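data-v3.cif follows (mmCIF, C-alpha atoms):
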data_my_file
loop_
_atom_site.label_atom_id
_atom_site.label_comp_id
_atom_site.auth_asym_id
_atom_site.auth_seq_id
_atom_site.Cartn_x
_atom_site.Cartn_y
_atom_site.Cartn_z
CA MET A 1027 146.12 150.82 -123.04
CA ASN A 1028 142.62 151.39 -124.41
CA LEU A 1029 139.82 150.70 -121.96
CA PHE A 1030 137.45 149.33 -124.60
CA ARG A 1031 138.44 146.98 -127.40
CA LYS A 1032 137.67 148.32 -130.86
CA LEU A 1033 135.53 145.90 -132.87
CA SER A 1034 136.76 144.77 -136.26
CA THR A 1035 134.64 145.28 -139.38
CA SER A 1036 133.66 141.59 -139.42
CA GLU A 1037 132.60 141.70 -135.74
CA GLN A 1038 130.44 144.76 -136.33
CA LEU A 1039 128.90 143.11 -139.39
CA ALA A 1040 128.20 139.88 -137.49
CA GLU A 1041 126.46 141.87 -134.76
CA HIS A 1042 124.36 143.73 -137.39
CA LEU A 1043 123.25 140.49 -139.06
CA ARG A 1044 122.66 138.82 -135.68
CA ARG A 1045 120.28 141.58 -134.63
CA GLN A 1046 118.38 141.37 -137.91
CA ILE A 1047 117.98 137.60 -137.51
CA HIS A 1048 116.73 137.90 -133.93
CA ALA A 1049 114.34 140.69 -134.95
CA GLY A 1050 112.96 138.57 -137.81
CA THR A 1051 114.07 141.07 -140.46
CA LEU A 1052 116.21 138.37 -142.07
CA LYS A 1053 114.21 135.19 -142.69
CA GLY A 1054 114.52 131.97 -144.63
CA ALA A 1055 117.90 132.10 -146.34
CA LEU A 1056 120.82 134.42 -145.77
CA PRO A 1057 121.80 136.47 -148.85
CA GLY A 1058 124.99 135.26 -150.50
CA VAL A 1059 128.38 136.78 -149.68
CA GLN A 1060 128.56 138.87 -152.86
CA GLN A 1061 125.00 140.10 -152.37
CA LEU A 1062 125.84 141.16 -148.81
CA VAL A 1063 128.93 142.95 -150.13
CA ARG A 1064 126.74 144.99 -152.48
CA ILE A 1065 124.03 145.66 -149.88
CA LEU A 1066 126.32 146.61 -147.00
CA GLY A 1067 129.23 148.16 -148.88
CA VAL A 1068 131.96 146.15 -147.11
CA ASN A 1069 134.66 143.87 -148.48
CA SER A 1070 134.10 140.17 -149.10
CA VAL A 1071 136.71 139.08 -146.52
CA ALA A 1072 134.84 140.85 -143.70
CA VAL A 1073 131.51 139.44 -144.91
CA GLY A 1074 132.94 135.91 -145.08
CA GLU A 1075 134.34 136.14 -141.53
CA ALA A 1076 131.03 137.48 -140.20
CA VAL A 1077 129.04 134.69 -141.85
CA GLN A 1078 131.44 132.07 -140.46
CA GLU A 1079 130.91 133.49 -136.97
CA LEU A 1080 127.13 133.15 -137.39
CA GLU A 1081 127.66 129.56 -138.51
CA ARG A 1082 129.75 128.80 -135.39
CA GLU A 1083 126.95 130.26 -133.25
CA GLY A 1084 124.38 128.09 -135.01
CA LEU A 1085 122.35 131.02 -136.31
CA VAL A 1086 122.86 130.05 -139.96
CA LEU A 1087 123.36 126.62 -141.51
CA TYR A 1088 125.76 125.89 -144.39
CA GLN A 1089 124.01 123.59 -146.90
CA GLY A 1090 126.92 122.89 -149.21
CA GLY A 1091 127.50 123.57 -152.88
CA ARG A 1092 126.06 126.79 -154.24
CA LYS A 1093 123.03 126.76 -151.94
CA LYS A 1094 122.35 129.73 -149.71
CA ARG A 1095 122.85 129.38 -145.98
CA LEU A 1096 119.66 128.68 -144.06
CA ILE A 1097 118.68 131.02 -141.23
CA VAL A 1098 118.11 128.44 -138.54
CA GLU A 1099 115.86 130.32 -136.12
CA ALA A 1100 113.61 131.69 -138.85
CA ALA A 1101 113.34 128.30 -140.60
CA ARG A 1102 112.26 126.53 -137.41
CA GLY A 1103 109.51 128.94 -136.54
CA LYS A 1104 108.79 129.76 -132.90
CA ALA A 1105 111.73 128.74 -130.72
CA ALA A 1106 111.27 126.28 -127.89
CA THR A 1107 111.76 127.81 -124.46
CA LEU A 1108 113.10 126.77 -121.06
CA LYS A 1109 112.79 127.57 -117.42
CA VAL A 1110 116.40 128.45 -116.59
CA GLY A 1111 117.65 128.62 -113.02
CA MET A 1112 120.56 130.93 -112.14
CA LEU A 1113 122.81 130.12 -109.19
CA ASN A 1114 125.17 133.00 -108.47
CA PHE A 1115 128.42 133.06 -106.53
CA SER A 1116 127.32 135.96 -104.29
CA ALA A 1117 124.69 138.67 -104.00
CA ALA A 1118 127.19 141.13 -105.47
CA SER A 1119 127.96 138.93 -108.50
CA ALA A 1120 124.22 138.70 -109.29
CA ALA A 1121 124.40 142.38 -110.25
CA SER A 1122 127.47 141.99 -112.49
CA HIS A 1123 127.23 143.12 -116.10
CA ASP A 1124 127.61 139.64 -117.62
CA ILE A 1125 125.00 138.05 -115.32
CA LEU A 1126 122.48 140.84 -115.95
CA SER A 1127 123.12 140.68 -119.70
CA ILE A 1128 122.63 136.91 -119.83
CA ARG A 1129 119.44 137.18 -117.81
CA GLN A 1130 118.05 139.89 -120.12
CA GLU A 1131 118.99 138.10 -123.35
CA LEU A 1132 117.49 134.82 -122.13
CA MET A 1133 114.22 136.62 -121.40
CA ASN A 1134 114.39 138.36 -124.79
CA ALA A 1135 114.62 134.89 -126.34
CA GLY A 1136 111.43 133.84 -124.53
CA HIS A 1137 112.95 131.82 -121.69
CA ASP A 1138 111.83 132.11 -118.08
CA VAL A 1139 114.69 132.93 -115.70
CA ILE A 1140 114.45 132.03 -112.02
CA ALA A 1141 117.25 133.03 -109.67
CA CYS A 1142 118.06 130.89 -106.65
CA PRO A 1143 117.17 133.06 -103.61
CA LYS A 1144 120.49 132.21 -101.96
CA SER A 1145 123.92 132.43 -103.53
CA MET A 1146 126.67 129.84 -103.22
CA LYS A 1147 128.40 132.21 -100.83
CA ASP A 1148 125.22 132.41 -98.71
CA LEU A 1149 125.20 128.61 -98.64
CA GLY A 1150 128.82 128.41 -97.50
CA MET A 1151 129.92 126.85 -100.83
CA ASN A 1152 128.55 123.63 -99.31
CA VAL A 1153 127.36 121.04 -101.83
CA ASP A 1154 124.67 119.58 -99.55
CA ARG A 1155 123.19 123.00 -98.82
CA VAL A 1156 123.32 123.95 -102.50
CA GLU A 1157 121.54 120.69 -103.37
CA ARG A 1158 118.71 121.39 -100.92
CA ALA A 1159 118.32 124.93 -102.24
CA ILE A 1160 118.10 124.09 -105.92
CA ARG A 1161 115.92 121.00 -105.54
CA ALA A 1162 113.21 123.32 -104.24
CA ILE A 1163 113.20 125.18 -107.58
CA ASP A 1164 111.46 123.70 -110.63
CA VAL A 1165 113.60 124.50 -113.68
CA ASP A 1166 114.78 122.71 -116.83
CA ALA A 1167 118.42 123.78 -116.74
CA TRP A 1168 120.90 125.73 -114.62
CA ILE A 1169 123.45 128.47 -115.18
CA VAL A 1170 126.05 128.41 -112.40
CA GLY A 1171 128.13 131.57 -112.02
CA THR A 1172 131.71 131.17 -110.75
CA GLY A 1173 131.12 127.72 -109.28
CA SER A 1174 133.62 125.64 -107.35
CA SER A 1175 134.76 122.34 -108.86
CA GLU A 1176 132.79 120.40 -106.20
CA ILE A 1177 129.53 122.21 -106.96
CA LEU A 1178 129.97 121.95 -110.73
CA TRP A 1179 130.80 118.26 -110.45
CA TRP A 1180 127.58 117.75 -108.48
CA PHE A 1181 125.55 119.37 -111.26
CA LYS A 1182 127.31 117.19 -113.85
CA GLN A 1183 126.44 114.03 -111.91
CA GLN A 1184 122.74 114.97 -111.79
CA GLU A 1185 122.62 114.96 -115.60
CA ILE A 1186 120.68 118.22 -115.56
CA PRO A 1187 121.77 120.57 -118.36
CA THR A 1188 124.24 122.97 -116.76
CA PHE A 1189 126.15 125.97 -118.06
CA GLY A 1190 129.20 127.12 -116.12
CA LEU A 1191 129.89 130.84 -116.31
CA HIS A 1192 133.53 131.28 -115.30
CA GLY A 1193 134.47 129.25 -112.21
CA ARG A 1194 136.39 125.96 -112.05
CA GLN A 1195 134.75 124.21 -115.00
CA MET A 1196 137.84 123.41 -117.06
CA ASN A 1197 137.93 119.63 -116.51
CA ILE A 1198 134.18 119.10 -116.23
CA ARG A 1199 132.17 118.14 -119.32
CA ILE A 1200 129.50 120.81 -119.19
CA ALA A 1201 128.80 123.76 -121.43
CA GLY A 1202 130.37 126.98 -120.32
CA ALA A 1203 132.07 130.28 -120.96
CA GLY A 1204 135.22 131.64 -119.40
CA ILE A 1205 138.05 134.10 -119.80
CA ARG A 1206 141.64 133.44 -120.85
CA LYS A 1207 143.44 135.37 -118.11
CA VAL A 1208 146.75 133.49 -118.07
CA PRO A 1209 148.46 135.59 -120.79
CA VAL A 1210 147.44 138.70 -118.85
CA ILE A 1211 148.87 137.48 -115.56
CA SER A 1212 152.13 136.59 -117.31
CA ALA A 1213 152.34 140.09 -118.83
CA LEU A 1214 151.47 141.67 -115.47
CA ILE A 1215 154.18 139.79 -113.55
CA GLU A 1216 156.73 140.71 -116.22
CA ARG A 1217 155.68 144.37 -115.91
CA LEU A 1218 155.91 144.29 -112.11
CA HIS A 1219 159.33 142.65 -112.31
CA VAL A 1220 160.57 145.49 -114.54
CA LEU A 1221 159.27 147.97 -111.94
CA GLY A 1222 161.39 146.27 -109.29
CA HIS A 1223 158.78 144.12 -107.54
CA ARG A 1224 159.91 140.84 -105.98
CA ARG A 1225 157.44 140.45 -103.07
CA ILE A 1226 154.25 139.82 -105.01
CA VAL A 1227 151.20 138.31 -103.30
CA LEU A 1228 147.94 136.97 -104.75
CA LEU A 1229 144.92 137.10 -102.42
CA THR A 1230 142.28 134.80 -103.83
CA ARG A 1231 139.03 133.37 -102.49
CA GLU A 1232 138.95 130.02 -100.73
CA TYR A 1233 137.17 128.13 -103.50
CA ARG A 1234 140.11 129.05 -105.79
CA ARG A 1235 142.67 127.67 -103.32
CA LYS A 1236 141.01 124.47 -102.11
CA PRO A 1237 141.16 121.54 -102.40
CA GLU A 1238 144.10 122.67 -104.57
CA LEU A 1239 145.21 125.82 -106.34
CA GLY A 1240 143.19 126.66 -109.44
CA PHE A 1241 144.66 126.98 -112.92
CA PHE A 1242 144.98 130.77 -112.65
CA GLU A 1243 146.72 130.54 -109.29
CA ARG A 1244 149.16 127.92 -110.57
CA SER A 1245 149.85 130.11 -113.60
CA PHE A 1246 150.60 133.02 -111.24
CA ILE A 1247 153.22 130.90 -109.44
CA GLU A 1248 154.72 129.81 -112.77
CA ALA A 1249 154.90 133.45 -113.93
CA LEU A 1250 156.81 134.39 -110.77
CA GLU A 1251 159.25 131.53 -111.22
CA LYS A 1252 159.77 132.48 -114.87
CA GLN A 1253 161.02 135.87 -113.62
CA GLY A 1254 163.37 134.16 -111.16
CA ILE A 1255 161.26 134.97 -108.10
CA GLY A 1256 161.23 132.30 -105.39
CA THR A 1257 157.74 131.06 -104.48
CA GLY A 1258 155.97 129.54 -101.50
CA PRO A 1259 152.91 129.91 -99.25
CA TYR A 1260 153.71 133.62 -98.89
CA ASN A 1261 152.71 134.27 -102.51
CA VAL A 1262 149.23 132.68 -102.23
CA PRO A 1263 148.47 132.79 -98.50
CA ASP A 1264 145.73 130.75 -96.88
CA TRP A 1265 143.10 132.82 -95.08
CA ASP A 1266 139.63 132.52 -93.63
CA ASP A 1267 137.24 133.79 -96.30
CA THR A 1268 135.52 136.33 -94.02
CA PRO A 1269 135.99 140.06 -93.29
CA ALA A 1270 137.81 139.16 -90.06
CA GLY A 1271 139.97 136.66 -91.94
CA LEU A 1272 140.88 139.30 -94.52
CA ASP A 1273 141.89 141.75 -91.77
CA GLN A 1274 144.04 139.07 -90.19
CA VAL A 1275 145.88 138.07 -93.37
CA ILE A 1276 146.57 141.73 -94.31
CA ASP A 1277 147.93 142.44 -90.82
CA SER A 1278 150.09 139.33 -90.98
CA LEU A 1279 151.50 140.17 -94.40
CA PHE A 1280 152.33 143.79 -93.70
CA HIS A 1281 153.67 143.22 -90.17
CA THR A 1282 156.31 140.74 -91.30
CA THR A 1283 157.37 141.03 -94.95
CA PRO A 1284 155.18 143.70 -96.57
CA PRO A 1285 154.34 142.86 -100.18
CA THR A 1286 155.29 145.48 -102.74
CA ALA A 1287 152.51 144.32 -105.08
CA LEU A 1288 149.15 142.84 -104.15
CA LEU A 1289 146.94 141.05 -106.67
CA VAL A 1290 143.32 140.58 -105.56
CA SER A 1291 140.82 138.12 -107.00
CA ASP A 1292 137.64 140.24 -106.94
CA PRO A 1293 136.42 143.84 -106.61
CA VAL A 1294 134.70 143.38 -103.23
CA THR A 1295 137.89 142.09 -101.60
CA LEU A 1296 139.97 144.78 -103.32
CA HIS A 1297 137.77 147.63 -102.04
CA ALA A 1298 137.95 146.18 -98.51
CA ILE A 1299 141.75 146.05 -98.75
CA GLN A 1300 141.95 149.63 -100.04
CA ILE A 1301 140.00 150.86 -97.01
CA LYS A 1302 142.15 148.79 -94.64
CA LEU A 1303 145.40 150.08 -96.17
CA ALA A 1304 144.22 153.69 -96.26
CA ALA A 1305 143.42 153.54 -92.54
CA LYS A 1306 147.10 152.70 -92.01
CA GLY A 1307 148.25 155.46 -94.36
CA VAL A 1308 149.27 152.96 -97.05
CA LEU A 1309 148.29 154.12 -100.54
CA ALA A 1310 148.57 152.74 -104.06
CA PRO A 1311 150.73 153.07 -106.03
CA ARG A 1312 152.97 155.11 -103.69
CA ASP A 1313 153.43 152.38 -101.08
CA VAL A 1314 152.11 149.22 -102.72
CA SER A 1315 150.90 148.32 -106.21
CA LEU A 1316 147.33 146.99 -106.39
CA PHE A 1317 145.74 144.96 -109.17
CA CYS A 1318 142.31 143.29 -109.48
CA ASN A 1319 141.84 140.07 -111.46
CA ASP A 1320 138.26 141.07 -112.22
CA PHE A 1321 136.35 144.19 -113.27
CA GLU A 1322 133.43 146.26 -112.07
CA PRO A 1323 132.17 149.66 -113.29
CA SER A 1324 133.16 151.45 -110.06
CA PHE A 1325 136.80 151.16 -111.19
CA LEU A 1326 136.06 153.81 -113.80
CA TRP A 1327 135.16 156.26 -111.02
CA THR A 1328 138.09 155.68 -108.68
CA ARG A 1329 141.13 157.94 -108.58
CA PRO A 1330 143.67 156.56 -108.88
CA GLU A 1331 141.94 154.21 -111.31
CA VAL A 1332 142.27 150.58 -110.23
CA SER A 1333 144.50 148.48 -112.48
CA HIS A 1334 142.59 145.39 -113.62
CA ILE A 1335 141.85 142.73 -116.21
CA ARG A 1336 139.28 143.53 -118.93
CA TRP A 1337 137.43 141.37 -121.44
CA ASP A 1338 134.48 141.50 -123.82
CA HIS A 1339 131.51 139.88 -122.07
CA ARG A 1340 129.39 139.55 -125.24
CA PRO A 1341 130.73 136.17 -126.46
CA ALA A 1342 129.82 134.60 -123.10
CA VAL A 1343 126.32 136.08 -123.29
CA ARG A 1344 125.80 134.75 -126.82
CA ARG A 1345 127.14 131.31 -125.86
CA ALA A 1346 124.77 131.06 -122.88
CA VAL A 1347 121.74 132.03 -124.98
CA ARG A 1348 122.72 129.62 -127.77
CA TRP A 1349 123.18 126.84 -125.18
CA ALA A 1350 119.68 127.48 -123.79
CA SER A 1351 118.25 127.40 -127.32
CA ASN A 1352 119.94 124.07 -128.04
CA ILE A 1353 118.78 122.52 -124.76
CA ALA A 1354 115.23 123.73 -125.40
CA ARG A 1355 115.29 121.89 -128.74
CA GLY A 1356 116.51 118.68 -127.15
CA ARG A 1357 120.09 118.96 -128.34
CA GLU A 1358 123.04 118.01 -126.16
CA ASP A 1359 125.40 120.95 -125.84
CA THR A 1360 128.61 120.82 -123.78
CA ARG A 1361 130.72 123.26 -125.81
CA LYS A 1362 132.84 125.80 -123.97
CA CYS A 1363 133.69 129.30 -125.13
CA PHE A 1364 136.74 131.19 -123.84
CA THR A 1365 137.25 134.91 -124.37
CA GLU A 1366 140.63 136.61 -124.56
CA ALA A 1367 141.30 139.16 -121.82
CA TRP A 1368 143.65 142.13 -121.81
CA LEU A 1369 145.60 144.12 -119.24
CA HIS A 1370 144.34 147.58 -118.30
CA GLU A 1371 147.23 149.03 -116.34
CA GLY A 1372 145.26 151.84 -114.72
CA GLU A 1373 146.92 153.98 -112.05
CA THR A 1374 147.51 151.68 -109.06
CA ILE A 1375 150.68 150.04 -110.41
CA GLY A 1376 154.02 151.77 -109.92
CA PRO A 1377 157.68 151.23 -109.06
CA VAL A 1378 158.72 149.80 -105.71
CA ARG A 1379 158.92 152.49 -103.03
CA SER A 1380 162.30 153.31 -101.56
CA GLY A 1381 162.69 152.25 -97.93
CA GLU A 1382 160.73 149.73 -95.90
CA LEU A 1383 157.05 150.27 -95.25
CA LYS A 1384 156.00 151.01 -91.67
CA TRP A 1385 152.78 149.24 -90.56
#

Hey, can you dump this file as structure tokens for me?
Amino acid sequence: MNLFRKLSTSEQLAEHLRRQIHAGTLKGALPGVQQLVRILGVNSVAVGEAVQELEREGLVLYQGGRKKRLIVEAARGKAATLKVGMLNFSAASAASHDILSIRQELMNAGHDVIACPKSMKDLGMNVDRVERAIRAIDVDAWIVGTGSSEILWWFKQQEIPTFGLHGRQMNIRIAGAGIRKVPVISALIERLHVLGHRRIVLLTREYRRKPELGFFERSFIEALEKQGIGTGPYNVPDWDDTPAGLDQVIDSLFHTTPPTALLVSDPVTLHAIQIKLAAKGVLAPRDVSLFCNDFEPSFLWTRPEVSHIRWDHRPAVRRAVRWASNIARGREDTRKCFTEAWLHEGETIGPVRSGELKW
């Protein structure tokens, strides 16, 4: 499958108009659809879809009748700004492409961005410790990256404007952006089943397993059952979320009933597992199929290339910046934005090996 998703004509046009609006090249009123068709040399359907996308983002305002759409940012003059705090899941996630992009675009929009010195992981995912850390930081709003349900609920109860980037935000009424991974996991399990896999294990971080399995993890179990594969604690094992705990759960799995396919929640854990397996002479995809439920650029440099989930991070970046703009203007904004993901099969998925694996 293609590594990068090709943008449609309307998406490219929306991005072109968006940049002109932010740069101040387009001011006052947006040219009409037919005028844009003549100026840009594209069809009216693509122009109409692009303009509708800008309306959904709040960049242009439909005024009804035959009136031209108003360019909202230009009409309001200098945008109000915020001091935005960023609470990241871990030190590694703070350097992820979506976090860095959101930070840069917020600053481009005139907002001040202040990162919490300690991540949720540093604070043990403990609500009381998180509370003490963030109360020491004077900001107007918070962006919480990959938060647990307990931490996100705490932010909701404080009535401080909060934006959840990924994480367990589904049933919490805060603004946010996430990824629709369930169709991908269903397609992956179907693919693995065709390749002969029946012992499929998902290793996921503790905050995704407790106090109960997250939506993605439950969807993984449902996908297994749809293929007629029996399920239980073996498929989503409990483990201590530490390097020693990871060593222990890998040893336990491969000593008893070695999985033929291992799905891993994040790149850091996956790299640690690859090193552990290689030390035992276990390689992917020869001996076990490996798949990561996330992405990082290092995957593009590995051989064999790690199989993983991909998505376009730009809608989440735009949603976060638009949320900050709305909050700065005194508007309540709790809308969520979910981006479709796709399966990048890579080179670490293969058929089940013949014969039992020696550990």

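Taking atom CA of A:Leu1039 and atom CA of A:Arg1095 as the two end points, the separation is 16.4 Å.
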
Where is the centre and how long are the edges: axis-aligned box on stretch 1273-1287 of chain A, 6 Å on each side, Å to one decimal, as AutoDock Vina command-line options:
--center_x 149.6 --center_y 141.8 --center_z -97.6 --size_x 27.5 --size_y 19.4 --size_z 26.9

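Computed from the coordinates, the atom CA of A:Pro1259 to atom CA of A:Gly1381 distance equals 24.4 Å.
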
**Fill in**
Between A:Gln1130, A:Ser1291, A:Ser1212, A:Gln1300, smallest distance to A:Gly1240 by all atoms listed in the file belongs to A:Ser1291

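Nearest to A:His1339 of all the residues A:Gly1091, A:Gly1204, A:Pro1263, A:Gly1258 is A:Gly1204, counting only C-alpha atoms.
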
**Prompt:** Could you pull the residues within 12 Å of stretch 1138-1140 of chain A, counting all atoms listed in the file, minus those fewer than 6 positions along the same chain, as a PyMOL selection string?
**Reply:** chain A and resi 1106-1114+1125-1126+1128-1132+1160+1162-1169+1347+1350+1354

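Once the PyMOL selection byres ((chain A and resi 1377) around 12) is applied to the depicted file, the selected set reads A:Arg1217, A:Leu1218, A:His1219, A:Val1220, A:Leu1221, A:Gly1222, A:His1223, A:Arg1224, A:Thr1286, A:Ala1287, A:Ala1310, A:Pro1311, A:Arg1312, A:Asp1313, A:Val1314, A:Ser1315, A:Leu1316, A:Glu1373, A:Thr1374, A:Ile1375, A:Gly1376, A:Val1378, A:Arg1379, A:Ser1380.
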
Please save C-alpha atoms of the selected residues as a PDB file, in the coordinates of the input.
ATOM      1  CA  ARG A1217     155.680 144.370-115.910  1.00  0.00           C
ATOM      2  CA  LEU A1218     155.910 144.290-112.110  1.00  0.00           C
ATOM      3  CA  HIS A1219     159.330 142.650-112.310  1.00  0.00           C
ATOM      4  CA  VAL A1220     160.570 145.490-114.540  1.00  0.00           C
ATOM      5  CA  LEU A1221     159.270 147.970-111.940  1.00  0.00           C
ATOM      6  CA  GLY A1222     161.390 146.270-109.290  1.00  0.00           C
ATOM      7  CA  HIS A1223     158.780 144.120-107.540  1.00  0.00           C
ATOM      8  CA  ARG A1224     159.910 140.840-105.980  1.00  0.00           C
ATOM      9  CA  THR A1286     155.290 145.480-102.740  1.00  0.00           C
ATOM     10  CA  ALA A1287     152.510 144.320-105.080  1.00  0.00           C
ATOM     11  CA  ALA A1310     148.570 152.740-104.060  1.00  0.00           C
ATOM     12  CA  PRO A1311     150.730 153.070-106.030  1.00  0.00           C
ATOM     13  CA  ARG A1312     152.970 155.110-103.690  1.00  0.00           C
ATOM     14  CA  ASP A1313     153.430 152.380-101.080  1.00  0.00           C
ATOM     15  CA  VAL A1314     152.110 149.220-102.720  1.00  0.00           C
ATOM     16  CA  SER A1315     150.900 148.320-106.210  1.00  0.00           C
ATOM     17  CA  LEU A1316     147.330 146.990-106.390  1.00  0.00           C
ATOM     18  CA  GLU A1373     146.920 153.980-112.050  1.00  0.00           C
ATOM     19  CA  THR A1374     147.510 151.680-109.060  1.00  0.00           C
ATOM     20  CA  ILE A1375     150.680 150.040-110.410  1.00  0.00           C
ATOM     21  CA  GLY A1376     154.020 151.770-109.920  1.00  0.00           C
ATOM     22  CA  VAL A1378     158.720 149.800-105.710  1.00  0.00           C
ATOM     23  CA  ARG A1379     158.920 152.490-103.030  1.00  0.00           C
ATOM     24  CA  SER A1380     162.300 153.310-101.560  1.00  0.00           C
TER      25      SER A1380
END

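The set of protein, DNA and RNA residues with any counted atom at most 9 Å from (145.0, 134.6, -107.4) (all atoms listed in the file) reads A:Val1227, A:Leu1228, A:Leu1229, A:Thr1230, A:Arg1231, A:Arg1234, A:Arg1235, A:Leu1239, A:Gly1240, A:Phe1242, A:Glu1243, A:Arg1244, A:Phe1246, A:Val1262, A:Leu1289, A:Val1290, A:Ser1291, A:Asn1319.
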
**Message:** Just checking: using only C-alpha atoms, which residue out of A:Ala1298, A:Ala1135, A:Ala1346, A:Leu1149 ends up closest to A:Ala1201?
**Reply:** A:Ala1346

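Note that atom CA of A:Arg1194 and atom CA of A:Ile1301 are 29.3 Å apart.
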
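Proximity to A:Asp1154 was assessed for A:His1123, A:Ile1177, A:Lys1384, A:Val1086 counting only C-alpha atoms; the smallest distance is recorded for A:Ile1177.
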
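Restricting the calculation to all atoms listed in the file, the smallest distance between A:Trp1179 and any of A:Arg1225, A:Arg1199, A:Lys1207, A:Arg1345 is found for A:Arg1199.
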
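Distance annotation: of A:Ala1159, A:Ala1120, A:Leu1056, A:Ala1040, the residue with the minimal separation from A:Leu1087 is A:Leu1056; atom set is only C-alpha atoms.
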
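The environment of A:Lys1094 within 9 Å, counting only C-alpha atoms and disregarding residues fewer than 2 places along the same chain, consists of Ala1055, Leu1056, Pro1057, Gly1058, Leu1087, Tyr1088, Gln1089, Gly1090, Gly1091, Arg1092 and Leu1096 of chain A.
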
At a cut-off of 7 Å from (140.9, 145.2, -118.0) in the coordinates of the file, what residues are picked up using only C-alpha atoms, written as a PDB file with C-alpha atoms, keeping the file's coordinate frame?
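Output file point-v1.pdb follows:
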ATOM      1  CA  LEU A1029     139.820 150.700-121.960  1.00  0.00           C
ATOM      2  CA  PHE A1321     136.350 144.190-113.270  1.00  0.00           C
ATOM      3  CA  HIS A1334     142.590 145.390-113.620  1.00  0.00           C
ATOM      4  CA  ILE A1335     141.850 142.730-116.210  1.00  0.00           C
ATOM      5  CA  ARG A1336     139.280 143.530-118.930  1.00  0.00           C
ATOM      6  CA  TRP A1337     137.430 141.370-121.440  1.00  0.00           C
ATOM      7  CA  TRP A1368     143.650 142.130-121.810  1.00  0.00           C
ATOM      8  CA  LEU A1369     145.600 144.120-119.240  1.00  0.00           C
ATOM      9  CA  HIS A1370     144.340 147.580-118.300  1.00  0.00           C
TER      10      HIS A1370
END

**Request:** Apply the PyMOL selection byres ((chain A and resi 1171) around 7) to the displayed file and report the matching residues as a PyMOL selection string.
**Result:** chain A and resi 1113-1115+1169-1170+1172-1173+1190-1193

Next, dump the selected residues to file, keeping only C-alpha atoms, as an mmCIF file, in the coordinates of the input.
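again-v6.cif, written as the output of this step:
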data_model
loop_
_atom_site.group_PDB
_atom_site.id
_atom_site.type_symbol
_atom_site.label_atom_id
_atom_site.label_comp_id
_atom_site.auth_asym_id
_atom_site.auth_seq_id
_atom_site.Cartn_x
_atom_site.Cartn_y
_atom_site.Cartn_z
ATOM 1 C CA LEU A 1113 122.810 130.120 -109.190
ATOM 2 C CA ASN A 1114 125.170 133.000 -108.470
ATOM 3 C CA PHE A 1115 128.420 133.060 -106.530
ATOM 4 C CA ILE A 1169 123.450 128.470 -115.180
ATOM 5 C CA VAL A 1170 126.050 128.410 -112.400
ATOM 6 C CA THR A 1172 131.710 131.170 -110.750
ATOM 7 C CA GLY A 1173 131.120 127.720 -109.280
ATOM 8 C CA GLY A 1190 129.200 127.120 -116.120
ATOM 9 C CA LEU A 1191 129.890 130.840 -116.310
ATOM 10 C CA HIS A 1192 133.530 131.280 -115.300
ATOM 11 C CA GLY A 1193 134.470 129.250 -112.210
#

**Asked** Could you name the residues that touch A:Pro1293 at 7 Å or less, counting all atoms listed in the file, but leaving out those on the same chain fewer than 5 positions away, as a ChimeraX atom specification?
**Response** /A:1318,1320-1322

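Residues within 8 Å of A:Trp1180, counting all atoms listed in the file and excluding same-chain residues fewer than 4 positions away, are A:Val1153, A:Glu1176, A:Gln1184.
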
**Request:** Compile the contact shell of A:Thr1268 as a list in words: residues with an atom at most 10 Å away, counting all atoms listed in the file, same-chain residues fewer than 3 positions apart removed.
**Result:** Arg1231, Glu1232, Trp1265, Gly1271, Leu1272, Asp1273, Gln1274 and Thr1295 of chain A
